[in-house]
$ cat input22.txt   # compact mmCIF, C-alpha atoms and all ligand atoms
# COMPACT_ATOMS: atom_id res chain seq x y z
CA MET A 1 -22.86 23.30 41.01
CA PHE A 2 -20.61 26.22 41.79
CA HIS A 3 -16.94 25.26 41.73
CA PHE A 4 -14.16 27.04 43.50
CA TRP A 5 -12.27 27.61 40.22
CA GLN A 6 -15.32 29.30 38.78
CA THR A 7 -15.46 31.66 41.74
CA ARG A 8 -11.78 32.42 41.37
CA ALA A 9 -12.15 32.95 37.64
CA CYS A 10 -15.00 35.34 38.32
CA VAL A 11 -12.93 37.27 40.82
CA TRP A 12 -10.04 37.53 38.40
CA LEU A 13 -12.40 38.56 35.64
CA THR A 14 -13.81 41.30 37.86
CA VAL A 15 -10.30 42.49 38.72
CA ALA A 16 -9.25 42.38 35.05
CA CYS A 17 -12.34 44.35 34.05
CA ALA A 18 -11.62 46.90 36.75
CA ILE A 19 -8.04 47.28 35.48
CA VAL A 20 -9.21 47.64 31.89
CA PHE A 21 -11.85 50.13 32.98
CA ALA A 22 -9.30 52.09 35.00
CA ARG A 23 -6.95 52.21 32.00
CA CYS A 24 -9.74 53.42 29.75
CA ALA A 25 -10.93 55.93 32.32
CA PHE A 26 -7.53 57.61 32.60
CA ALA A 27 -6.10 57.03 29.16
CA ALA A 28 -8.64 58.27 26.66
CA GLU A 29 -8.34 56.10 23.59
CA ASN A 30 -8.57 57.77 20.23
CA ILE A 31 -9.27 55.18 17.54
CA SER A 32 -9.92 56.03 13.89
CA PRO A 33 -13.31 55.03 12.38
CA LEU A 34 -13.54 51.20 12.13
CA GLY A 35 -9.99 51.00 13.50
CA THR A 36 -8.72 48.53 16.08
CA ALA A 37 -7.35 49.29 19.55
CA HIS A 38 -4.00 47.50 19.27
CA ASP A 39 -2.08 45.70 21.98
CA TRP A 40 1.17 47.67 22.09
CA ASP A 41 2.99 44.73 23.62
CA LEU A 42 2.89 43.18 20.14
CA LEU A 43 5.69 45.60 19.26
CA ALA A 44 7.91 43.88 21.85
CA ARG A 45 9.08 41.51 19.09
CA TYR A 46 10.96 44.47 17.62
CA GLN A 47 13.02 45.13 20.78
CA LYS A 48 16.69 45.63 19.87
CA THR A 49 16.07 44.85 16.21
CA MET A 50 16.92 48.34 14.98
CA THR A 51 19.69 50.81 15.77
CA ARG A 52 18.87 54.33 16.90
CA GLU A 53 20.31 55.68 13.64
CA ASP A 54 18.06 53.50 11.47
CA PHE A 55 15.01 54.28 13.58
CA SER A 56 15.60 58.05 13.47
CA ARG A 57 16.38 58.02 9.77
CA LEU A 58 13.20 56.12 8.87
CA LEU A 59 11.11 58.20 11.26
CA GLU A 60 12.36 61.55 9.98
CA SER A 61 12.92 60.88 6.30
CA VAL A 62 10.08 58.46 5.48
CA TYR A 63 7.32 58.08 8.07
CA CYS A 64 7.00 61.28 10.08
CA PRO A 65 8.74 64.14 8.26
CA ASN A 66 8.75 67.67 9.69
CA GLY A 67 8.48 66.46 13.28
CA ALA A 68 4.96 65.09 12.76
CA ALA A 69 5.45 62.57 15.61
CA ASP A 70 7.22 64.90 18.07
CA ALA A 71 4.23 65.03 20.42
CA TRP A 72 4.19 61.22 20.69
CA ILE A 73 7.71 59.85 20.28
CA LYS A 74 10.73 60.85 22.32
CA THR A 75 13.93 59.36 20.98
CA GLU A 76 16.67 58.97 23.57
CA ALA A 77 20.18 57.48 23.44
CA GLU A 78 19.20 53.83 23.96
CA SER A 79 15.46 53.79 23.49
CA ALA A 80 12.41 55.59 22.21
CA ARG A 81 9.41 56.33 24.40
CA ILE A 82 6.15 56.20 22.49
CA LEU A 83 2.85 57.35 23.95
CA GLU A 84 0.18 54.68 23.53
CA SER A 85 -2.66 57.12 24.14
CA LYS A 86 -3.28 60.58 25.51
CA GLY A 87 -2.72 59.27 29.06
CA ASP A 88 0.56 58.23 30.65
CA ASP A 89 0.85 54.77 29.13
CA SER A 90 3.92 54.52 26.99
CA PHE A 91 5.76 51.82 25.15
CA THR A 92 9.54 51.77 25.38
CA LEU A 93 11.35 50.58 22.30
CA ARG A 94 14.93 49.61 23.01
CA PHE A 95 17.50 50.06 20.23
CA ALA A 96 20.18 47.62 19.12
CA THR A 97 23.56 49.00 20.21
CA SER A 98 25.07 48.41 16.79
CA GLU A 99 24.21 46.98 13.38
CA SER A 100 25.98 43.70 14.27
CA ALA A 101 24.14 43.46 17.61
CA ARG A 102 20.70 43.68 16.00
CA ARG A 103 18.38 40.89 17.10
CA PRO A 104 16.80 39.16 14.10
CA ARG A 105 13.10 39.97 13.81
CA GLY A 106 10.80 37.37 12.39
CA HIS A 107 8.32 38.15 9.68
CA LEU A 108 6.66 35.87 7.22
CA TRP A 109 7.56 37.65 4.01
CA MET A 110 10.70 37.05 2.01
CA THR A 111 12.91 39.75 0.61
CA ARG A 112 14.99 39.35 -2.53
CA ALA A 113 17.90 38.55 -0.23
CA THR A 114 16.06 35.88 1.81
CA LEU A 115 14.21 34.10 -1.02
CA PRO A 116 15.53 30.62 -1.70
CA PRO A 117 17.80 30.38 -4.76
CA ARG A 118 16.05 30.57 -8.10
CA LYS A 119 14.45 27.27 -9.22
CA PRO A 120 13.95 25.95 -12.77
CA SER A 121 10.29 27.08 -12.58
CA GLY A 122 11.46 30.61 -13.30
CA PRO A 123 13.06 33.85 -12.14
CA LEU A 124 10.17 34.54 -9.72
CA SER A 125 10.11 31.02 -8.20
CA ASP A 126 8.91 30.87 -4.57
CA LEU A 127 7.83 34.52 -4.66
CA ARG A 128 4.30 35.01 -3.33
CA ILE A 129 2.67 38.01 -4.96
CA ALA A 130 -0.79 39.35 -4.13
CA LEU A 131 -2.34 41.57 -6.77
CA ASP A 132 -4.82 44.05 -5.33
CA PRO A 133 -7.06 45.52 -8.04
CA GLY A 134 -8.12 48.90 -6.67
CA HIS A 135 -11.80 49.73 -6.05
CA LEU A 136 -14.88 47.58 -6.77
CA GLY A 137 -16.05 48.45 -10.28
CA GLY A 138 -19.22 46.94 -11.76
CA THR A 139 -22.44 48.18 -10.23
CA TRP A 140 -20.50 49.91 -7.42
CA ALA A 141 -18.41 52.15 -9.68
CA GLN A 142 -20.75 55.15 -9.51
CA MET A 143 -21.08 54.98 -5.74
CA GLU A 144 -17.31 54.88 -5.30
CA GLU A 145 -16.91 57.82 -7.70
CA ARG A 146 -14.66 55.85 -10.01
CA TRP A 147 -16.99 56.20 -13.01
CA PHE A 148 -17.47 58.68 -15.81
CA LYS A 149 -19.14 58.56 -19.19
CA VAL A 150 -18.56 60.63 -22.31
CA GLY A 151 -21.60 60.83 -24.61
CA ASP A 152 -22.51 57.40 -25.96
CA ALA A 153 -19.10 55.88 -25.21
CA ALA A 154 -18.82 53.03 -22.73
CA PRO A 155 -18.39 54.31 -19.16
CA VAL A 156 -14.86 54.35 -17.76
CA GLN A 157 -14.81 52.37 -14.50
CA GLU A 158 -11.50 52.19 -12.68
CA GLY A 159 -12.44 49.10 -10.66
CA ASP A 160 -13.14 47.14 -13.86
CA MET A 161 -9.88 48.28 -15.45
CA THR A 162 -7.71 47.35 -12.47
CA LEU A 163 -9.26 43.87 -12.34
CA ARG A 164 -8.61 43.45 -16.05
CA VAL A 165 -4.92 44.30 -15.56
CA ALA A 166 -4.70 41.94 -12.57
CA GLN A 167 -6.25 39.10 -14.60
CA MET A 168 -3.76 39.67 -17.43
CA LEU A 169 -0.85 39.93 -15.04
CA ALA A 170 -1.54 36.86 -12.87
CA PRO A 171 -0.88 34.11 -15.48
CA ARG A 172 2.21 35.91 -16.75
CA LEU A 173 3.73 36.10 -13.27
CA GLN A 174 2.77 32.46 -12.66
CA GLN A 175 4.61 31.46 -15.82
CA LEU A 176 7.69 33.10 -14.33
CA GLY A 177 7.40 30.90 -11.24
CA ALA A 178 5.57 33.23 -8.84
CA LYS A 179 2.66 32.14 -6.66
CA VAL A 180 0.02 34.73 -7.47
CA SER A 181 -3.24 35.53 -5.77
CA LEU A 182 -5.84 38.22 -6.35
CA VAL A 183 -7.09 40.09 -3.31
CA ARG A 184 -10.31 40.77 -5.26
CA ASP A 185 -11.27 38.58 -8.23
CA LYS A 186 -14.68 39.94 -9.19
CA LEU A 187 -16.54 43.22 -9.51
CA GLU A 188 -17.82 42.91 -5.97
CA PRO A 189 -16.71 43.97 -2.50
CA THR A 190 -14.75 41.57 -0.30
CA THR A 191 -16.37 43.02 2.83
CA SER A 192 -19.69 41.50 3.90
CA LYS A 193 -20.78 44.91 5.21
CA ARG A 194 -23.01 47.23 3.21
CA PRO A 195 -23.64 51.00 3.37
CA ASP A 196 -26.71 50.53 5.61
CA ASP A 197 -24.48 49.04 8.30
CA PHE A 198 -22.75 52.40 8.71
CA GLU A 199 -25.74 54.73 9.02
CA GLU A 200 -25.25 55.35 12.75
CA LEU A 201 -21.46 55.59 12.55
CA ALA A 202 -21.76 58.13 9.73
CA LYS A 203 -24.06 60.25 11.92
CA ALA A 204 -21.66 59.95 14.86
CA ILE A 205 -18.67 61.02 12.71
CA LEU A 206 -20.60 64.02 11.37
CA LYS A 207 -21.67 64.93 14.92
CA LYS A 208 -18.05 64.78 16.09
CA GLY A 209 -17.22 67.15 13.24
CA GLY A 210 -19.86 69.58 14.53
CA ILE A 211 -22.65 68.64 12.10
CA THR A 212 -25.55 67.71 14.35
CA GLN A 213 -28.38 68.07 11.78
CA PRO A 214 -26.86 66.52 8.63
CA HIS A 215 -28.67 66.14 5.31
CA GLU A 216 -29.75 62.54 4.85
CA ASP A 217 -28.93 62.39 1.13
CA PHE A 218 -26.87 64.23 -1.47
CA VAL A 219 -27.66 65.16 -5.06
CA GLY A 220 -24.68 63.59 -6.84
CA PRO A 221 -20.87 63.50 -6.92
CA ALA A 222 -20.73 67.19 -7.84
CA ASP A 223 -22.90 68.27 -4.86
CA PRO A 224 -20.66 70.64 -2.85
CA GLU A 225 -22.41 69.61 0.37
CA LYS A 226 -22.16 65.85 -0.17
CA GLU A 227 -19.47 65.45 2.50
CA GLN A 228 -21.90 66.74 5.10
CA SER A 229 -24.56 64.13 4.27
CA VAL A 230 -25.20 60.83 6.05
CA HIS A 231 -25.40 58.87 2.80
CA TRP A 232 -22.07 59.99 1.39
CA ASN A 233 -20.27 59.21 4.65
CA ARG A 234 -22.07 55.91 5.06
CA ASP A 235 -21.10 54.87 1.51
CA LEU A 236 -17.48 55.94 2.07
CA LEU A 237 -17.25 53.87 5.26
CA PHE A 238 -18.43 50.89 3.23
CA TYR A 239 -16.54 51.05 -0.06
CA ARG A 240 -13.29 52.47 1.25
CA ASN A 241 -12.83 51.92 4.96
CA SER A 242 -14.60 48.61 5.56
CA GLU A 243 -13.56 47.20 2.17
CA ILE A 244 -9.87 47.97 2.58
CA ARG A 245 -9.84 46.67 6.15
CA GLN A 246 -11.32 43.40 4.87
CA ARG A 247 -8.66 43.24 2.15
CA ALA A 248 -6.01 43.76 4.82
CA GLU A 249 -7.49 40.83 6.71
CA ILE A 250 -7.24 38.70 3.55
CA VAL A 251 -3.65 39.82 2.87
CA ASN A 252 -2.38 39.48 6.44
CA GLU A 253 -4.25 36.38 7.62
CA LYS A 254 -4.89 34.33 4.52
CA LEU A 255 -2.55 35.15 1.63
CA ARG A 256 0.54 36.21 3.60
CA PRO A 257 2.44 37.26 0.47
CA ASP A 258 5.97 38.55 0.09
CA LEU A 259 4.73 41.50 -1.91
CA VAL A 260 1.42 43.23 -2.62
CA ILE A 261 1.00 45.24 -5.79
CA CYS A 262 -1.98 47.59 -5.64
CA LEU A 263 -3.21 48.37 -9.15
CA HIS A 264 -4.86 51.70 -9.87
CA PHE A 265 -5.36 54.24 -12.65
CA ASN A 266 -5.06 57.90 -11.75
CA ALA A 267 -7.31 60.79 -12.81
CA GLU A 268 -7.53 64.55 -12.75
CA PRO A 269 -10.73 66.17 -11.42
CA TRP A 270 -13.44 65.48 -14.00
CA GLY A 271 -16.37 67.46 -12.56
CA ASP A 272 -19.74 66.07 -13.57
CA PRO A 273 -19.24 62.32 -14.27
CA ALA A 274 -22.03 62.37 -16.88
CA ASN A 275 -20.38 65.28 -18.68
CA PRO A 276 -16.74 64.97 -17.61
CA THR A 277 -13.86 67.29 -18.34
CA LEU A 278 -11.22 65.66 -20.54
CA VAL A 279 -7.71 67.04 -20.06
CA ASP A 280 -4.34 66.96 -21.83
CA LYS A 281 -2.39 66.16 -18.68
CA ASN A 282 -1.14 62.61 -18.34
CA HIS A 283 1.33 61.33 -15.76
CA PHE A 284 2.10 58.57 -13.28
CA HIS A 285 3.51 57.96 -9.83
CA VAL A 286 4.13 55.09 -7.45
CA LEU A 287 3.37 55.05 -3.72
CA VAL A 288 4.77 53.32 -0.68
CA ASN A 289 3.64 53.85 2.90
CA GLY A 290 4.94 56.84 4.84
CA CYS A 291 4.54 60.60 5.28
CA TYR A 292 2.11 60.51 8.20
CA LEU A 293 0.66 63.89 9.13
CA ALA A 294 0.39 65.10 12.73
CA PRO A 295 -3.45 64.87 12.80
CA GLU A 296 -3.27 61.25 11.54
CA LEU A 297 -0.81 60.34 14.28
CA GLU A 298 -3.31 61.58 16.89
CA PHE A 299 -5.15 58.29 16.32
CA ASP A 300 -3.68 55.61 18.59
CA ASP A 301 -4.28 52.88 16.01
CA GLU A 302 -2.61 54.81 13.18
CA ARG A 303 0.40 55.58 15.37
CA PHE A 304 0.73 51.91 16.24
CA GLU A 305 0.34 50.88 12.59
CA MET A 306 2.97 53.43 11.52
CA LEU A 307 5.44 51.97 14.03
CA ARG A 308 4.62 48.41 13.05
CA ARG A 309 5.43 49.30 9.44
CA LEU A 310 8.58 51.23 10.32
CA LEU A 311 9.92 48.47 12.56
CA SER A 312 9.09 45.72 10.06
CA ARG A 313 11.60 47.31 7.63
CA ALA A 314 9.18 46.69 4.77
CA TYR A 315 10.17 50.12 3.43
CA LEU A 316 13.69 49.03 2.54
CA GLU A 317 12.31 46.29 0.28
CA GLU A 318 9.28 48.08 -1.14
CA VAL A 319 11.01 51.32 -2.08
CA THR A 320 13.52 49.45 -4.23
CA ILE A 321 10.74 47.47 -5.93
CA ALA A 322 8.77 50.71 -6.38
CA GLU A 323 11.77 52.29 -8.08
CA LYS A 324 12.15 49.34 -10.47
CA LEU A 325 8.44 49.42 -11.33
CA ALA A 326 8.61 53.20 -11.82
CA GLU A 327 11.57 52.76 -14.15
CA SER A 328 9.78 50.16 -16.28
CA LEU A 329 6.54 52.21 -16.32
CA ALA A 330 8.54 55.27 -17.42
CA ASN A 331 10.20 53.25 -20.20
CA LYS A 332 6.89 51.89 -21.47
CA THR A 333 4.65 54.92 -21.09
CA HIS A 334 7.10 57.83 -21.47
CA LEU A 335 4.90 59.69 -18.98
CA PRO A 336 6.22 62.40 -16.67
CA ALA A 337 6.04 62.11 -12.89
CA TYR A 338 3.00 63.46 -11.10
CA GLU A 339 3.95 66.25 -8.73
CA TYR A 340 2.04 66.50 -5.44
CA THR A 341 1.22 70.04 -4.42
CA LYS A 342 0.24 69.30 -0.80
CA ASP A 343 2.24 68.00 2.17
CA ASN A 344 0.44 64.63 2.29
CA ALA A 345 3.11 62.95 0.14
CA LEU A 346 6.89 62.96 0.24
CA LYS A 347 9.23 62.09 -2.61
CA VAL A 348 11.42 59.11 -1.72
CA GLY A 349 14.03 57.16 -3.67
CA THR A 350 15.85 58.72 -6.59
CA SER A 351 13.67 58.13 -9.67
CA GLY A 352 11.39 61.12 -9.05
CA TYR A 353 8.28 58.95 -9.47
CA VAL A 354 8.04 57.36 -6.02
CA TYR A 355 6.27 58.99 -3.09
CA ALA A 356 5.58 57.98 0.49
CA ARG A 357 1.96 58.55 1.53
CA ASN A 358 -0.25 57.26 4.31
CA LEU A 359 -3.00 55.28 2.57
CA LEU A 360 -5.13 52.78 4.46
CA ALA A 361 -4.05 49.83 2.28
CA THR A 362 -0.34 50.57 2.34
CA ARG A 363 -0.56 51.11 6.12
CA LEU A 364 -2.48 47.94 7.00
CA TYR A 365 -0.87 45.38 4.67
CA GLN A 366 1.90 43.91 6.78
CA CYS A 367 4.41 43.20 4.03
CA PRO A 368 6.17 45.19 1.28
CA THR A 369 3.43 46.98 -0.66
CA VAL A 370 3.76 48.99 -3.84
CA TYR A 371 0.83 51.10 -5.03
CA LEU A 372 0.76 52.01 -8.72
CA GLU A 373 -0.96 55.11 -10.09
CA PRO A 374 -0.20 55.24 -13.81
CA TYR A 375 -2.25 57.11 -16.44
CA VAL A 376 -4.80 59.90 -16.14
CA MET A 377 -8.06 58.15 -17.06
CA ASN A 378 -9.74 61.38 -18.17
CA SER A 379 -6.87 62.56 -20.35
CA ARG A 380 -7.93 62.59 -24.00
CA GLU A 381 -5.28 60.05 -24.93
CA VAL A 382 -5.97 57.58 -22.14
CA PHE A 383 -9.72 57.89 -22.65
CA ALA A 384 -9.24 56.93 -26.32
CA ARG A 385 -6.98 54.04 -25.35
CA VAL A 386 -9.47 52.73 -22.79
CA GLN A 387 -12.25 52.92 -25.36
CA ALA A 388 -10.09 50.89 -27.78
CA GLY A 389 -10.08 48.06 -25.23
CA ASP A 390 -7.59 45.21 -25.34
CA TYR A 391 -5.95 44.10 -28.60
CA GLU A 392 -2.76 42.49 -29.88
CA GLY A 393 0.08 44.51 -31.40
CA THR A 394 -0.42 48.23 -31.91
CA ARG A 395 -3.14 50.51 -33.26
CA ASN A 396 -3.14 54.11 -34.31
CA ILE A 397 -4.72 55.97 -31.41
CA ASP A 398 -4.54 59.72 -30.95
CA GLY A 399 -2.10 59.91 -33.90
CA LYS A 400 0.35 57.33 -32.48
CA GLU A 401 0.89 53.59 -32.88
CA GLN A 402 0.10 52.31 -29.41
CA PRO A 403 -0.30 48.93 -27.72
CA SER A 404 -3.38 48.12 -25.62
CA ILE A 405 -3.16 50.18 -22.44
CA PHE A 406 -3.93 47.11 -20.34
CA ARG A 407 -1.07 45.11 -21.90
CA GLU A 408 1.30 48.02 -21.60
CA TYR A 409 0.47 48.27 -17.86
CA ALA A 410 0.90 44.51 -17.32
CA ASP A 411 4.12 44.43 -19.38
CA ALA A 412 5.62 47.22 -17.30
CA VAL A 413 4.88 45.38 -14.04
CA VAL A 414 6.36 42.12 -15.35
CA GLU A 415 9.51 43.85 -16.59
CA GLY A 416 10.00 45.83 -13.40
CA LEU A 417 9.69 42.71 -11.25
CA LEU A 418 12.06 40.73 -13.50
CA GLU A 419 14.57 43.55 -13.30
CA TYR A 420 14.41 43.58 -9.50
CA TYR A 421 14.44 39.84 -8.84
CA LYS A 422 17.19 39.08 -11.34
CA GLY A 423 19.46 40.30 -8.56
CA ARG A 424 18.49 37.34 -6.32
CA LYS A 425 20.85 34.54 -5.46
ZN ZN A 501 -7.66 54.20 -7.69
$ encode --input "input22.txt" --output "structure tokens"
Amino acid sequence: MFHFWQTRACVWLTVACAIVFARCAFAAENISPLGTAHDWDLLARYQKTMTREDFSRLLESVYCPNGAADAWIKTEAESARILESKGDDSFTLRFATSESARRPRGHLWMTRATLPPRKPSGPLSDLRIALDPGHLGGTWAQMEERWFKVGDAAPVQEGDMTLRVAQMLAPRLQQLGAKVSLVRDKLEPTTSKRPDDFEELAKAILKKGGITQPHEDFVGPADPEKEQSVHWNRDLLFYRNSEIRQRAEIVNEKLRPDLVICLHFNAEPWGDPANPTLVDKNHFHVLVNGCYLAPELEFDDERFEMLRRLLSRAYLEEVTIAEKLAESLANKTHLPAYEYTKDNALKVGTSGYVYARNLLATRLYQCPTVYLEPYVMNSREVFARVQAGDYEGTRNIDGKEQPSIFREYADAVVEGLLEYYKGRK
């Protein structure tokens, strides 16, 4: 049977396809690897939720410094016109005429100001925190280049260490009333994809970059030509791109927290991982999302994601939390701030430790997100502390009485959060 409604549906489908095709034909989409072509109409919920002053301030001093978005965003008196792609399609964002005329914008996460009053369960009651232990660790640590080994000592694997901190931190935050979840809870990827799935995409990316006859394999992490090989690119698409996109899916669709804390350990270049360079330098810094570079904003999906973050006002919450965590990390570790030497990060806040930077995780997680980078894993002192493992009290390490590095890290996070949320109602 062939019903009239089916015919009509088919006609409409044909028309819709033609429209979509026409749009694609004229407006060349430029989507980053494994990225999503977003529906710009989703930003309509932010109409009149922000004044021109707030929008310009966030755009210029946090998200797109040095005119990085000038080719894409034209700010006028009452609205901003944002190019959706290289074609003519643009999204018009209308500003609120004044702070008091701002339309409320709905998001699922709570700020310190919107959390319900503190309950007897503790100072962090009703706060939903997701802990995101960076990297994969375990058998993946060498592939993700977060592994080094000195002589007969146990290998240092960042992904194992971040999970250890997360597992120490979770019960402590729960005791303070928070609802805590781990974005990753084992030494395994959350993505179901594997490097083999990205063989063809890796070749296509290399081809786009002008490498038409790439090497299939590379010798090791120190191989200067590794970035031109199919295997290195394929692995990177798996353990970084696909993995972080899956974590974003977990954060945004399943956990829906008020705050994500990404746990990492930093490092200085260590050269050959089997014979690594140990250094004296030790430092820390804290990241929030921002500081997009002009080439990153060329991608339609990244531009959309930048605006979604800016308009969500997550920055206002996360930068204050980042400052509190930086303060408590500074008090505990006495480490100096890491100083970026390139233009891919921008100092924000007043502590000197907090930077804005466009990382995939901080861009895709749709709630306040603070990304911690304490300790240089291949500094002599940190290496010795990692080898000492976890213990109670203090031990003499590198000539100083020191607590377990994992406890010190967890303590600093707890104290920073307590300091911030004690200001709630
Ligand atoms: Zn890391």
$ residues_around --input "input22.txt" --residues "segment 102-112 of chain A" --least-positions-apart "6" --cutoff "10 Å" --atoms "only C-alpha atoms" --output "PyMOL selection string"
chain A and resi 45-51+95-96+124+126-128+252+256-259+311-314+316-318+321+366-368+420-425
$ residues_near_ligand --input "input22.txt" --ligand "ligand ZN 501 (chain A)" --cutoff "6 Å" --atoms "all atoms listed in the file" --output "compact mmCIF listing (two decimals) with C-alpha atoms, keeping the file's coordinate frame"
# COMPACT_ATOMS: atom_id res chain seq x y z
CA GLY A 134 -8.12 48.90 -6.67
CA HIS A 264 -4.86 51.70 -9.87
CA PHE A 265 -5.36 54.24 -12.65
$ closest_residue --input "input22.txt" --among "A:Gln228, A:Thr362, A:Asn289, A:Ser181" --to "Leu255 of chain A" --atoms "all atoms listed in the file"
A:Ser181
$ atom_distance --input "input22.txt" --atom1 "atom CA of Glu144 of chain A" --atom2 "atom CA of Glu253 of chain A"
26.1 Å
$ atom_distance --input "input22.txt" --atom1 "atom CA of Leu335 of chain A" --atom2 "atom CA of Pro269 of chain A"
18.5 Å
$ residues_around --input "input22.txt" --residues "Asp217 of chain A" --least-positions-apart "4" --cutoff "12 Å" --atoms "only C-alpha atoms" --output "ChimeraX atom specification"
/A:199,202,221,223,225-235
$ closest_residue --input "input22.txt" --among "A:Pro33, A:Pro276, A:Pro120, A:Pro171" --to "Phe383 of chain A" --atoms "all atoms listed in the file"
A:Pro276
$ atom_distance --input "input22.txt" --atom1 "atom CA of Pro336 of chain A" --atom2 "atom CA of Glu381 of chain A"
14.4 Å
$ closest_residue --input "input22.txt" --among "A:Phe304, A:Leu163, A:Gly271, A:Asp132" --to "Arg247 of chain A" --atoms "all atoms listed in the file"
A:Asp132
$ residues_near_point --input "input22.txt" --point "(-6.6, 46.1, -14.7)" --cutoff "9 Å" --atoms "all atoms listed in the file" --output "PyMOL selection string"
chain A and resi 133-134+158-169+263-265+406+409-410
$ residues_around --input "input22.txt" --residues "Asn331 of chain A" --least-positions-apart "6" --cutoff "12 Å" --atoms "all atoms listed in the file" --output "JSON list (two decimals) with C-alpha atoms, keeping the file's coordinate frame"
[["chain", "number", "residue", "atom", "x", "y", "z"],
["A", 284, "PHE", "CA", 2.10, 58.57, -13.28],
["A", 324, "LYS", "CA", 12.15, 49.34, -10.47],
["A", 325, "LEU", "CA", 8.44, 49.42, -11.33],
["A", 408, "GLU", "CA", 1.30, 48.02, -21.60],
["A", 409, "TYR", "CA", 0.47, 48.27, -17.86],
["A", 411, "ASP", "CA", 4.12, 44.43, -19.38],
["A", 412, "ALA", "CA", 5.62, 47.22, -17.30],
["A", 413, "VAL", "CA", 4.88, 45.38, -14.04],
["A", 415, "GLU", "CA", 9.51, 43.85, -16.59],
["A", 416, "GLY", "CA", 10.00, 45.83, -13.40]]
$ residues_around --input "input22.txt" --residues "Ala80 of chain A" --least-positions-apart "3" --cutoff "10 Å" --atoms "all atoms listed in the file" --output "PyMOL selection string"
chain A and resi 52+55-56+73-77+83+90-95
$ closest_residue --input "input22.txt" --among "A:Arg395, A:Lys342, A:Lys400, A:Lys281" --to "Met377 of chain A" --atoms "all atoms listed in the file"
A:Lys281
$ residues_around --input "input22.txt" --residues "Val382 of chain A" --least-positions-apart "2" --cutoff "12 Å" --atoms "only C-alpha atoms" --output "ChimeraX atom specification"
/A:156,265-268,278-283,333,335,374-380,384-389,397-398,402-406
$ closest_residue --input "input22.txt" --among "A:Gly138, A:Pro189, A:Gly290, A:Gly399" --to "Phe238 of chain A" --atoms "all atoms listed in the file"
A:Pro189
$ closest_residue --input "input22.txt" --among "A:Trp270, A:Trp72, A:Tyr340, A:Tyr353" --to "Ala222 of chain A" --atoms "only C-alpha atoms"
A:Trp270
$ axis_aligned_box --input "input22.txt" --around "segment 51-64 of chain A" --padding-each-side "5 Å" --output "AutoDock Vina command-line options"
--center_x 13.7 --center_y 56.2 --center_z 11.2 --size_x 23.3 --size_y 20.7 --size_z 21.4
